[in-house]
$ cat final_26.txt   # compact mmCIF, C-alpha atoms
# COMPACT_ATOMS: atom_id res chain seq x y z
CA MET A 27 -42.70 47.27 -71.26
CA GLU A 28 -41.37 45.17 -68.39
CA GLY A 29 -44.90 44.69 -67.08
CA GLU A 30 -46.03 42.94 -70.27
CA LYS A 31 -42.79 41.13 -71.06
CA VAL A 32 -43.52 37.88 -69.24
CA ARG A 33 -47.20 37.82 -70.19
CA TRP A 34 -46.33 38.10 -73.91
CA MET A 35 -43.62 35.45 -73.61
CA LYS A 36 -46.07 33.05 -71.95
CA THR A 37 -48.81 33.67 -74.52
CA PRO A 38 -48.88 30.50 -76.67
CA ALA A 39 -47.02 31.02 -79.92
CA PRO A 40 -50.05 30.18 -82.14
CA ILE A 41 -52.07 32.86 -80.30
CA ARG A 42 -49.26 35.34 -80.89
CA GLY A 43 -49.37 34.23 -84.52
CA GLU A 44 -53.08 34.96 -84.76
CA ILE A 45 -52.50 38.50 -83.46
CA ILE A 46 -49.77 38.94 -86.07
CA ARG A 47 -52.17 37.72 -88.75
CA GLN A 48 -54.58 40.46 -87.65
CA ILE A 49 -51.75 43.01 -87.97
CA GLY A 50 -51.41 41.87 -91.58
CA GLU A 51 -55.15 42.28 -92.11
CA ALA A 52 -55.02 45.82 -90.70
CA LEU A 53 -52.21 46.67 -93.10
CA ARG A 54 -54.30 45.30 -95.99
CA LYS A 55 -57.04 47.73 -95.00
CA TYR A 56 -54.65 50.69 -95.16
CA LYS A 57 -52.43 49.45 -97.99
CA ASP A 58 -53.38 52.09 -100.56
CA ALA A 59 -53.13 55.03 -98.15
CA LEU A 60 -49.93 53.78 -96.56
CA GLY A 61 -48.37 53.08 -99.96
CA SER A 62 -49.14 56.66 -100.98
CA LEU A 63 -47.61 58.00 -97.79
CA ILE A 64 -44.42 56.02 -98.38
CA SER A 65 -44.27 57.32 -101.96
CA LEU A 66 -44.82 60.90 -100.82
CA GLU A 67 -42.33 60.82 -97.96
CA MET A 68 -39.58 58.54 -99.28
CA GLY A 69 -39.91 59.31 -103.01
CA LYS A 70 -40.33 55.83 -104.51
CA ILE A 71 -43.05 55.36 -107.12
CA LYS A 72 -46.55 54.44 -105.93
CA SER A 73 -46.44 50.80 -107.04
CA GLU A 74 -43.23 50.33 -105.06
CA GLY A 75 -44.81 52.01 -102.03
CA ASP A 76 -47.76 49.62 -102.27
CA GLY A 77 -45.36 46.72 -102.75
CA GLU A 78 -43.51 47.63 -99.59
CA VAL A 79 -46.72 47.41 -97.56
CA GLN A 80 -47.48 44.08 -99.24
CA GLU A 81 -44.07 42.85 -98.12
CA TYR A 82 -45.03 43.53 -94.49
CA ILE A 83 -48.34 41.73 -95.07
CA ASP A 84 -46.58 38.73 -96.63
CA ALA A 85 -44.18 38.57 -93.69
CA ALA A 86 -47.12 38.65 -91.26
CA ASP A 87 -48.76 35.73 -93.09
CA MET A 88 -45.51 33.79 -92.95
CA ALA A 89 -44.99 34.52 -89.24
CA CYS A 90 -48.52 33.39 -88.45
CA GLY A 91 -47.78 29.98 -89.96
CA LEU A 92 -44.33 29.89 -88.38
CA SER A 93 -45.86 30.36 -84.93
CA ARG A 94 -47.20 26.78 -85.12
CA MET A 95 -43.93 25.33 -86.38
CA PHE A 96 -41.13 26.44 -84.02
CA SER A 97 -39.26 23.24 -83.30
CA GLY A 98 -36.12 21.91 -81.67
CA LYS A 99 -34.25 18.70 -82.27
CA VAL A 100 -34.41 15.47 -80.31
CA ILE A 101 -30.83 14.16 -80.18
CA GLN A 102 -29.65 10.64 -79.49
CA SER A 103 -27.62 10.14 -76.31
CA GLU A 104 -24.72 7.74 -75.89
CA ARG A 105 -25.88 7.03 -72.31
CA PRO A 106 -28.55 4.38 -71.67
CA GLY A 107 -31.86 5.79 -70.47
CA HIS A 108 -31.04 9.32 -71.64
CA PHE A 109 -32.00 11.60 -74.49
CA MET A 110 -31.17 15.15 -75.46
CA MET A 111 -33.33 17.86 -76.96
CA GLU A 112 -33.25 21.53 -77.90
CA VAL A 113 -35.68 24.17 -76.71
CA TRP A 114 -36.01 27.71 -78.05
CA ASN A 115 -37.12 30.62 -75.87
CA PRO A 116 -37.55 34.38 -76.49
CA LEU A 117 -34.64 36.76 -76.04
CA GLY A 118 -36.80 39.46 -74.44
CA VAL A 119 -36.62 42.92 -76.05
CA ILE A 120 -35.50 43.51 -79.64
CA GLY A 121 -34.35 46.87 -80.96
CA CYS A 122 -34.95 47.68 -84.63
CA ILE A 123 -33.31 50.66 -86.34
CA SER A 124 -34.47 50.99 -89.96
CA ALA A 125 -33.39 53.18 -92.88
CA PHE A 126 -35.22 55.70 -95.06
CA ASN A 127 -35.38 53.58 -98.21
CA PHE A 128 -37.75 50.93 -96.82
CA PRO A 129 -39.55 52.74 -94.00
CA CYS A 130 -42.27 50.09 -93.64
CA ALA A 131 -41.04 46.69 -94.85
CA VAL A 132 -37.81 46.37 -92.85
CA SER A 133 -39.57 47.04 -89.56
CA GLY A 134 -42.16 44.46 -90.63
CA TRP A 135 -39.54 41.78 -91.28
CA ASN A 136 -38.28 42.23 -87.75
CA CYS A 137 -41.58 42.90 -86.01
CA VAL A 138 -43.52 39.85 -87.09
CA ILE A 139 -40.68 37.38 -86.47
CA ALA A 140 -39.66 38.99 -83.17
CA LEU A 141 -43.25 39.00 -81.90
CA ALA A 142 -43.95 35.47 -83.09
CA CYS A 143 -40.89 34.34 -81.13
CA GLY A 144 -42.30 35.95 -77.98
CA ASN A 145 -40.21 39.12 -77.92
CA GLN A 146 -41.16 42.76 -77.56
CA MET A 147 -39.78 45.27 -80.07
CA ILE A 148 -38.70 48.91 -79.88
CA TRP A 149 -38.50 50.49 -83.33
CA LYS A 150 -36.64 53.62 -84.38
CA GLY A 151 -37.28 54.56 -87.98
CA SER A 152 -35.23 57.03 -89.98
CA GLU A 153 -36.12 60.56 -88.89
CA THR A 154 -36.63 61.58 -92.54
CA VAL A 155 -39.59 59.20 -92.87
CA SER A 156 -41.18 59.78 -89.47
CA LEU A 157 -44.75 60.03 -90.80
CA THR A 158 -44.55 56.49 -92.16
CA THR A 159 -42.98 55.23 -88.94
CA VAL A 160 -45.74 56.76 -86.80
CA ALA A 161 -48.50 55.55 -89.14
CA VAL A 162 -47.25 51.95 -89.20
CA GLY A 163 -46.65 52.00 -85.46
CA LYS A 164 -50.20 53.17 -84.84
CA ILE A 165 -51.70 50.43 -87.03
CA VAL A 166 -49.72 47.75 -85.19
CA ALA A 167 -50.49 49.23 -81.77
CA GLU A 168 -54.24 49.29 -82.41
CA VAL A 169 -54.27 45.55 -83.11
CA LEU A 170 -52.18 44.70 -80.06
CA GLU A 171 -54.29 46.90 -77.79
CA ARG A 172 -57.43 45.01 -78.81
CA HIS A 173 -55.79 41.99 -77.21
CA GLY A 174 -54.73 43.83 -74.06
CA PHE A 175 -51.09 44.53 -74.96
CA LYS A 176 -49.96 48.16 -74.90
CA SER A 177 -46.18 47.91 -75.03
CA VAL A 178 -45.28 44.81 -77.05
CA HIS A 179 -44.46 47.02 -80.06
CA THR A 180 -43.17 50.51 -79.29
CA VAL A 181 -42.10 53.32 -81.60
CA CYS A 182 -39.33 55.54 -80.24
CA GLN A 183 -38.62 58.10 -82.92
CA GLY A 184 -35.73 60.56 -83.00
CA THR A 185 -32.18 61.04 -84.21
CA GLY A 186 -29.51 58.40 -84.29
CA ALA A 187 -27.33 60.39 -81.90
CA GLU A 188 -30.08 60.47 -79.28
CA VAL A 189 -32.46 57.54 -79.69
CA GLY A 190 -30.20 55.23 -81.68
CA GLU A 191 -27.29 55.50 -79.26
CA THR A 192 -29.62 54.89 -76.33
CA LEU A 193 -30.97 51.71 -77.92
CA ILE A 194 -27.62 50.17 -78.80
CA ASN A 195 -26.15 50.91 -75.36
CA ASP A 196 -29.08 49.58 -73.30
CA PRO A 197 -28.24 46.13 -71.86
CA ARG A 198 -31.96 45.32 -71.60
CA ILE A 199 -32.11 45.12 -75.40
CA SER A 200 -30.84 41.64 -76.23
CA LEU A 201 -30.70 42.03 -80.01
CA VAL A 202 -30.32 45.10 -82.22
CA SER A 203 -31.36 44.80 -85.87
CA PHE A 204 -29.76 47.66 -87.80
CA THR A 205 -30.22 48.61 -91.45
CA GLY A 206 -28.00 51.37 -92.79
CA SER A 207 -24.47 52.22 -93.89
CA THR A 208 -21.42 50.07 -93.22
CA PRO A 209 -19.60 52.72 -91.11
CA VAL A 210 -22.60 53.17 -88.80
CA GLY A 211 -23.18 49.42 -88.74
CA ARG A 212 -19.59 48.88 -87.64
CA HIS A 213 -20.19 51.29 -84.74
CA VAL A 214 -23.43 49.51 -83.80
CA SER A 215 -21.63 46.16 -83.84
CA GLU A 216 -18.79 47.41 -81.64
CA VAL A 217 -21.14 48.89 -79.04
CA VAL A 218 -23.62 46.02 -78.87
CA HIS A 219 -21.04 43.22 -78.88
CA LYS A 220 -18.97 45.01 -76.25
CA ARG A 221 -21.88 44.35 -73.88
CA PHE A 222 -22.30 40.83 -75.35
CA GLY A 223 -25.57 41.64 -77.08
CA ARG A 224 -26.57 40.30 -80.48
CA THR A 225 -26.88 42.11 -83.79
CA ILE A 226 -28.51 41.59 -87.17
CA LEU A 227 -26.72 43.93 -89.57
CA GLU A 228 -28.03 44.71 -93.06
CA LEU A 229 -25.49 47.16 -94.43
CA GLY A 230 -24.01 48.14 -97.78
CA GLY A 231 -24.52 46.40 -101.10
CA ASN A 232 -22.53 46.67 -104.32
CA ASN A 233 -24.43 44.18 -106.38
CA ALA A 234 -23.37 42.74 -109.72
CA GLY A 235 -25.21 41.12 -112.61
CA ILE A 236 -23.27 38.83 -114.93
CA ILE A 237 -24.61 38.40 -118.47
CA MET A 238 -23.22 35.39 -120.28
CA GLU A 239 -23.13 35.13 -124.07
CA ASP A 240 -25.70 32.30 -123.97
CA ALA A 241 -28.19 34.38 -121.93
CA ASP A 242 -31.66 35.40 -123.07
CA LEU A 243 -30.65 39.01 -123.68
CA GLU A 244 -34.23 40.32 -123.55
CA LEU A 245 -34.67 38.71 -120.14
CA ALA A 246 -31.33 40.09 -119.01
CA PHE A 247 -32.26 43.54 -120.27
CA ASN A 248 -35.60 43.64 -118.44
CA GLY A 249 -34.15 42.20 -115.24
CA SER A 250 -31.27 44.64 -115.21
CA ILE A 251 -33.36 47.75 -115.89
CA PHE A 252 -35.63 47.39 -112.85
CA SER A 253 -32.81 46.26 -110.57
CA ALA A 254 -30.71 49.30 -111.50
CA VAL A 255 -33.31 52.07 -111.63
CA GLY A 256 -36.05 50.92 -109.24
CA THR A 257 -36.34 53.16 -106.16
CA ALA A 258 -34.02 55.58 -108.01
CA GLY A 259 -31.06 53.36 -107.21
CA GLN A 260 -31.67 53.49 -103.46
CA ARG A 261 -32.18 49.83 -102.64
CA CYS A 262 -29.47 47.94 -100.80
CA THR A 263 -29.94 45.31 -103.54
CA THR A 264 -29.76 47.80 -106.43
CA LEU A 265 -27.81 46.55 -109.44
CA ARG A 266 -24.68 48.71 -109.54
CA ARG A 267 -22.28 46.67 -111.70
CA ILE A 268 -23.24 44.95 -114.97
CA MET A 269 -20.65 42.59 -116.39
CA VAL A 270 -21.31 41.51 -119.98
CA GLN A 271 -19.39 38.83 -121.86
CA GLU A 272 -17.43 40.43 -124.67
CA SER A 273 -19.21 38.73 -127.58
CA VAL A 274 -22.59 40.29 -126.65
CA TYR A 275 -21.32 43.43 -124.92
CA ASP A 276 -21.99 45.96 -127.67
CA LYS A 277 -25.45 44.59 -128.47
CA PHE A 278 -26.57 44.61 -124.84
CA VAL A 279 -25.06 47.94 -123.83
CA THR A 280 -26.45 49.76 -126.89
CA LYS A 281 -30.00 48.70 -126.03
CA TYR A 282 -29.47 49.33 -122.32
CA VAL A 283 -28.22 52.88 -122.83
CA SER A 284 -31.10 53.74 -125.16
CA ALA A 285 -33.61 52.68 -122.49
CA TYR A 286 -32.10 55.09 -119.97
CA LYS A 287 -32.97 57.98 -122.23
CA ALA A 288 -36.64 56.97 -122.33
CA PHE A 289 -37.55 56.69 -118.63
CA LYS A 290 -40.61 58.65 -117.56
CA LYS A 291 -39.45 60.80 -114.68
CA GLY A 292 -41.70 62.85 -112.43
CA ASP A 293 -44.19 62.75 -109.58
CA PRO A 294 -43.89 59.31 -107.95
CA LEU A 295 -47.62 59.32 -107.13
CA VAL A 296 -48.61 59.61 -110.80
CA ARG A 297 -49.32 56.32 -112.53
CA GLY A 298 -46.76 55.56 -115.24
CA THR A 299 -43.84 57.34 -113.57
CA LEU A 300 -40.85 55.00 -113.44
CA LEU A 301 -38.29 57.28 -111.81
CA GLY A 302 -39.07 59.45 -108.83
CA PRO A 303 -36.67 61.72 -106.95
CA VAL A 304 -33.77 60.66 -104.82
CA HIS A 305 -34.61 61.05 -101.16
CA SER A 306 -32.75 64.21 -100.14
CA ALA A 307 -30.50 67.09 -101.10
CA ARG A 308 -27.62 65.10 -99.64
CA ALA A 309 -28.31 62.31 -102.15
CA VAL A 310 -28.05 64.86 -104.97
CA GLN A 311 -24.68 65.96 -103.58
CA ASP A 312 -23.55 62.33 -103.38
CA PHE A 313 -24.56 61.89 -107.02
CA GLU A 314 -22.53 64.93 -108.09
CA LYS A 315 -19.47 63.78 -106.13
CA ALA A 316 -19.69 60.31 -107.67
CA ILE A 317 -19.87 61.75 -111.20
CA GLN A 318 -16.77 63.85 -110.51
CA ALA A 319 -14.89 60.80 -109.18
CA ILE A 320 -15.98 58.71 -112.17
CA LYS A 321 -14.56 61.27 -114.61
CA ALA A 322 -11.35 61.59 -112.60
CA GLN A 323 -10.88 57.80 -112.65
CA GLY A 324 -11.31 57.43 -116.41
CA GLY A 325 -14.97 56.48 -116.56
CA LYS A 326 -16.99 57.25 -119.68
CA ILE A 327 -20.58 58.41 -119.18
CA LEU A 328 -22.80 56.69 -121.73
CA ALA A 329 -26.13 58.10 -120.49
CA GLY A 330 -27.23 60.60 -117.87
CA GLY A 331 -24.74 62.12 -115.49
CA ASN A 332 -26.64 65.32 -114.68
CA VAL A 333 -28.79 66.77 -111.94
CA ILE A 334 -32.24 67.62 -113.32
CA PRO A 335 -33.03 71.30 -112.64
CA GLY A 336 -36.28 72.39 -111.04
CA GLU A 337 -38.24 71.39 -107.96
CA GLY A 338 -37.44 68.18 -106.16
CA HIS A 339 -34.31 66.08 -105.86
CA TYR A 340 -34.12 64.61 -109.34
CA VAL A 341 -31.05 63.21 -111.08
CA GLU A 342 -30.63 61.45 -114.40
CA PRO A 343 -30.21 57.68 -114.22
CA THR A 344 -26.67 57.15 -115.36
CA VAL A 345 -24.72 54.44 -117.20
CA VAL A 346 -20.94 54.50 -116.97
CA GLU A 347 -18.32 52.42 -118.79
CA ILE A 348 -15.37 52.02 -116.44
CA ARG A 349 -12.62 49.63 -115.29
CA HIS A 350 -13.76 46.95 -112.89
CA ASP A 351 -11.05 47.90 -110.39
CA ALA A 352 -11.60 51.67 -110.30
CA ASP A 353 -11.83 52.89 -106.71
CA ILE A 354 -15.30 54.38 -107.24
CA VAL A 355 -16.63 51.00 -108.42
CA LYS A 356 -15.77 49.42 -105.07
CA GLU A 357 -17.89 51.95 -103.17
CA GLU A 358 -21.64 51.82 -102.65
CA ASN A 359 -23.05 55.03 -104.13
CA PHE A 360 -26.70 55.11 -103.11
CA VAL A 361 -27.87 56.83 -106.31
CA PRO A 362 -28.94 55.60 -109.80
CA ILE A 363 -25.47 55.08 -111.30
CA THR A 364 -24.77 51.76 -113.02
CA TYR A 365 -21.35 50.62 -114.23
CA VAL A 366 -20.93 48.42 -117.30
CA MET A 367 -17.82 46.39 -118.02
CA LYS A 368 -16.71 43.71 -120.49
CA PHE A 369 -15.39 40.32 -119.37
CA LYS A 370 -13.89 37.30 -121.17
CA THR A 371 -14.67 34.24 -119.03
CA LEU A 372 -17.04 33.30 -116.22
CA GLU A 373 -14.05 32.85 -113.90
CA GLN A 374 -13.02 36.45 -114.54
CA ALA A 375 -16.56 37.72 -113.93
CA ILE A 376 -16.79 35.83 -110.62
CA GLU A 377 -13.46 37.29 -109.56
CA TRP A 378 -14.75 40.79 -110.31
CA ASN A 379 -18.02 40.10 -108.53
CA ASN A 380 -16.15 39.09 -105.38
CA GLU A 381 -13.43 41.77 -105.35
CA VAL A 382 -15.57 44.47 -103.69
CA PRO A 383 -15.87 44.75 -99.88
CA GLN A 384 -19.64 44.23 -99.90
CA GLY A 385 -21.40 40.90 -100.34
CA LEU A 386 -25.17 41.30 -100.41
CA SER A 387 -26.73 40.25 -103.71
CA SER A 388 -25.65 38.98 -107.12
CA SER A 389 -27.15 37.48 -110.25
CA ILE A 390 -26.19 35.68 -113.43
CA PHE A 391 -28.09 35.42 -116.70
CA THR A 392 -27.34 32.14 -118.46
CA LYS A 393 -29.02 29.07 -119.95
CA ASN A 394 -26.07 26.86 -119.08
CA LEU A 395 -26.56 24.82 -115.90
CA GLN A 396 -22.81 24.32 -115.55
CA ASN A 397 -22.41 28.09 -115.37
CA TYR A 398 -25.09 28.40 -112.74
CA TYR A 399 -23.88 25.61 -110.48
CA LYS A 400 -20.38 27.02 -110.60
CA TRP A 401 -21.89 30.43 -109.75
CA ILE A 402 -23.59 29.13 -106.59
CA GLY A 403 -20.77 26.79 -105.56
CA PRO A 404 -17.78 27.27 -103.23
CA THR A 405 -15.74 29.12 -105.87
CA GLY A 406 -18.68 31.19 -107.10
CA SER A 407 -20.40 34.30 -105.79
CA ASP A 408 -19.50 35.20 -102.21
CA CYS A 409 -22.81 37.03 -101.62
CA GLY A 410 -25.73 36.12 -99.39
CA ILE A 411 -28.15 36.26 -102.34
CA ILE A 412 -27.12 34.40 -105.51
CA ASN A 413 -29.72 34.62 -108.28
CA CYS A 414 -30.08 33.21 -111.78
CA ASN A 415 -32.03 34.80 -114.64
CA ILE A 416 -33.44 37.54 -112.42
CA GLY A 417 -31.77 40.70 -111.18
CA PRO A 418 -30.25 41.06 -107.71
CA SER A 419 -33.18 43.04 -106.26
CA GLY A 420 -36.77 42.17 -105.36
CA ALA A 421 -36.33 39.47 -102.69
CA GLU A 422 -39.29 37.46 -101.36
CA VAL A 423 -39.94 37.08 -97.63
CA GLY A 424 -39.66 33.28 -97.65
CA GLY A 425 -35.88 33.36 -98.11
CA ALA A 426 -33.32 34.56 -95.59
CA PHE A 427 -32.32 38.11 -96.55
CA GLY A 428 -28.82 39.41 -95.90
CA GLY A 429 -25.22 39.28 -97.03
CA GLU A 430 -21.58 38.70 -96.20
CA LYS A 431 -18.41 40.76 -95.63
CA GLU A 432 -19.16 44.46 -95.10
CA THR A 433 -22.87 43.79 -95.64
CA GLY A 434 -22.84 42.56 -92.04
CA GLY A 435 -23.64 38.84 -92.05
CA GLY A 436 -27.17 39.11 -90.65
CA ARG A 437 -30.24 37.35 -92.02
CA GLU A 438 -33.85 38.53 -91.80
CA THR A 439 -37.36 37.22 -92.58
CA GLY A 440 -37.47 33.71 -94.05
CA SER A 441 -35.85 30.29 -93.81
CA ASP A 442 -34.56 29.80 -90.23
CA SER A 443 -33.83 33.48 -89.57
CA TRP A 444 -36.19 33.21 -86.58
CA LYS A 445 -33.42 31.48 -84.63
CA GLN A 446 -31.58 34.78 -84.28
CA TYR A 447 -34.50 36.14 -82.25
CA MET A 448 -34.45 33.28 -79.73
CA ARG A 449 -32.04 31.59 -77.33
CA ARG A 450 -31.32 27.90 -77.65
CA GLY A 451 -31.19 25.55 -74.69
CA THR A 452 -29.68 22.08 -74.94
CA CYS A 453 -31.40 19.73 -72.49
CA THR A 454 -30.23 16.31 -71.33
CA VAL A 455 -32.92 14.14 -69.74
CA ASN A 456 -32.22 11.06 -67.64
CA TYR A 457 -35.28 8.79 -67.40
CA SER A 458 -33.41 5.88 -65.84
CA ASP A 459 -32.34 5.00 -62.29
CA GLU A 460 -28.66 5.05 -63.21
CA LEU A 461 -26.20 7.89 -63.65
CA PRO A 462 -23.66 6.95 -66.32
CA LEU A 463 -21.22 9.69 -67.37
CA ALA A 464 -20.48 10.65 -70.94
CA GLN A 465 -17.32 9.52 -72.73
CA GLY A 466 -17.06 6.51 -70.39
CA VAL A 467 -15.81 8.59 -67.46
CA GLU A 468 -15.93 6.84 -64.08
CA PHE A 469 -16.21 8.76 -60.81
CA LYS A 470 -17.09 6.52 -57.86
CA LEU A 471 -16.78 7.37 -54.21
$ encode --input "final_26.txt" --output "structure tokens"
Amino acid sequence: MEGEKVRWMKTPAPIRGEIIRQIGEALRKYKDALGSLISLEMGKIKSEGDGEVQEYIDAADMACGLSRMFSGKVIQSERPGHFMMEVWNPLGVIGCISAFNFPCAVSGWNCVIALACGNQMIWKGSETVSLTTVAVGKIVAEVLERHGFKSVHTVCQGTGAEVGETLINDPRISLVSFTGSTPVGRHVSEVVHKRFGRTILELGGNNAGIIMEDADLELAFNGSIFSAVGTAGQRCTTLRRIMVQESVYDKFVTKYVSAYKAFKKGDPLVRGTLLGPVHSARAVQDFEKAIQAIKAQGGKILAGGNVIPGEGHYVEPTVVEIRHDADIVKEENFVPITYVMKFKTLEQAIEWNNEVPQGLSSSIFTKNLQNYYKWIGPTGSDCGIINCNIGPSGAEVGGAFGGEKETGGGRETGSDSWKQYMRRGTCTVNYSDELPLAQGVEFKL
């Protein structure tokens, strides 16, 4: 990698962008096959597998345009004959450690921005989705090799204890982007920052949807269903807590519970299936433990609550009525369990939204602009994603993705997230024949 590091950095950014555009085109060619592989290996339904590949393609398109738009500021100087400016340069080598639930898209978010910025990237995917990791890595490598680059994007697959630990401890890796659990993310942060490296952490989510009495309840129903059950509850942005204002609580919850009993479950590759399996036997065990804790903490199961017998790791999507402050509600259970709770005022709902340790995504359903602007203001949601009249999941690449508190604070893909992949230099230029000092300081021999 070292041999190509400088050559890639010195390749003009728009040329790097064109290569990234070609990576997107290659993914378009293999979209159907790759989407099927993701569905087969991860367990999400086929349309979601295809959508994940499209997310990588969209990010590549965005990065191609971004490559012509990297810019720094020109800053006014207080000294005559001087000006200041900012320049942005690559960090060098980026490490990306992605999770099982998005085995293609998350690496894409990091890859296309890191490469556009002039960095190389080493990617370790989750070992339970290694086929997808190898397939995506091969597609990317073939495009880069056509342009004479053999090590700009490298796959290094293996366990977290072996490969992951090596990546986070290596001082040659300037930035580590990690997607996974909060406990592991805390370890990654401690190790990388101890050596003064950088991190982008995308960790746990415990996302809430608030449904006001003035909301379009049909819209709220449809938005909540996909956000809660999509990917069998295994998105970091999955809707896990639904707060409904008391005057419309019974009406909404009755309809919501009835829908849970009608989901088509089965083979995720079969068209029409809405609920595939959870990813592993461990996820089934986590589901069972969560159900036990819910019952012990006074929760009432309104729908689901059971493991589905037979082949595969299938569980029933579950709706639970429970106190907002139950211990289990404050945890991220990465399975299709959704809590419903009744609130009186928007202020109370915001308080409940913010009382959990995680701060990734949130949403409100309302027609009242005062409600929404309070929701996004300084006393509103404390999450990184703050939606209105859509659920908390299904982010687009143009916005910065990430959250606060135990979610990690990192941002990926859109807006100015690219700045995390570069180092900033502040430059002062003297184009005069004098040498005045700042702040009026005099120093004459």
$ residues_near_point --input "final_26.txt" --point "(-36.4, 42.8, -77.3)" --cutoff "8 Å" --atoms "all atoms listed in the file" --output "number ranges by chain"
A: 117-121, 140, 145-148, 198-201
$ closest_residue --input "final_26.txt" --among "A:Thr37, A:Ser273, A:Thr158, A:Ser443" --to "A:Gly174" --atoms "only C-alpha atoms"
A:Thr37
$ closest_residue --input "final_26.txt" --among "A:Thr208, A:Thr454, A:Gln465, A:Asn415" --to "A:Asn248" --atoms "only C-alpha atoms"
A:Asn415
$ closest_residue --input "final_26.txt" --among "A:Lys70, A:His219, A:Arg172, A:Arg94" --to "A:Leu295" --atoms "all atoms listed in the file"
A:Lys70
$ closest_residue --input "final_26.txt" --among "A:Gly151, A:Gly91, A:Gly75, A:Gly61" --to "A:Ala39" --atoms "all atoms listed in the file"
A:Gly91
$ closest_residue --input "final_26.txt" --among "A:Ile354, A:Val361, A:Leu372, A:Val217" --to "A:Phe313" --atoms "only C-alpha atoms"
A:Val361
$ decode --input "final_26.txt" --residues "stretch 346-350 of chain A" --atoms "all heavy atoms" --output "short mmCIF file (atom, residue, chain, number, x, y, z; two decimals), in the first residue's frame"
data_model
loop_
_atom_site.label_atom_id
_atom_site.label_comp_id
_atom_site.auth_asym_id
_atom_site.auth_seq_id
_atom_site.Cartn_x
_atom_site.Cartn_y
_atom_site.Cartn_z
N VAL A 346 -44.99 -4.36 22.33
CA VAL A 346 -45.06 -4.45 23.78
C VAL A 346 -45.51 -3.11 24.35
O VAL A 346 -44.98 -2.05 23.98
CB VAL A 346 -43.67 -4.80 24.38
CG1 VAL A 346 -43.71 -4.74 25.90
CG2 VAL A 346 -43.22 -6.17 23.91
N GLU A 347 -46.50 -3.14 25.24
CA GLU A 347 -46.90 -1.96 26.00
C GLU A 347 -46.14 -1.99 27.32
O GLU A 347 -46.19 -2.98 28.05
CB GLU A 347 -48.41 -2.00 26.25
CG GLU A 347 -48.97 -0.71 26.81
CD GLU A 347 -50.49 -0.77 26.90
OE1 GLU A 347 -51.00 -1.69 27.59
OE2 GLU A 347 -51.16 0.07 26.27
N ILE A 348 -45.42 -0.90 27.60
CA ILE A 348 -44.53 -0.92 28.76
C ILE A 348 -44.26 0.51 29.22
O ILE A 348 -44.46 1.48 28.46
CB ILE A 348 -43.20 -1.64 28.39
CG1 ILE A 348 -42.39 -2.01 29.63
CG2 ILE A 348 -42.39 -0.81 27.41
CD1 ILE A 348 -41.24 -2.97 29.36
N ARG A 349 -43.79 0.66 30.44
CA ARG A 349 -43.43 1.98 30.97
C ARG A 349 -42.24 2.55 30.19
O ARG A 349 -41.31 1.82 29.83
CB ARG A 349 -43.03 1.90 32.44
CG ARG A 349 -44.06 1.34 33.37
CD ARG A 349 -43.60 1.44 34.83
NE ARG A 349 -42.16 1.35 35.01
CZ ARG A 349 -41.48 0.21 35.16
NH1 ARG A 349 -42.13 -0.96 35.11
NH2 ARG A 349 -40.19 0.22 35.36
N HIS A 350 -42.23 3.84 30.03
CA HIS A 350 -41.14 4.47 29.29
C HIS A 350 -39.80 4.33 29.98
O HIS A 350 -38.75 4.34 29.33
CB HIS A 350 -41.45 5.97 29.09
CG HIS A 350 -41.35 6.77 30.36
ND1 HIS A 350 -40.21 7.44 30.74
CD2 HIS A 350 -42.27 7.01 31.35
CE1 HIS A 350 -40.41 8.06 31.89
NE2 HIS A 350 -41.66 7.80 32.29
#
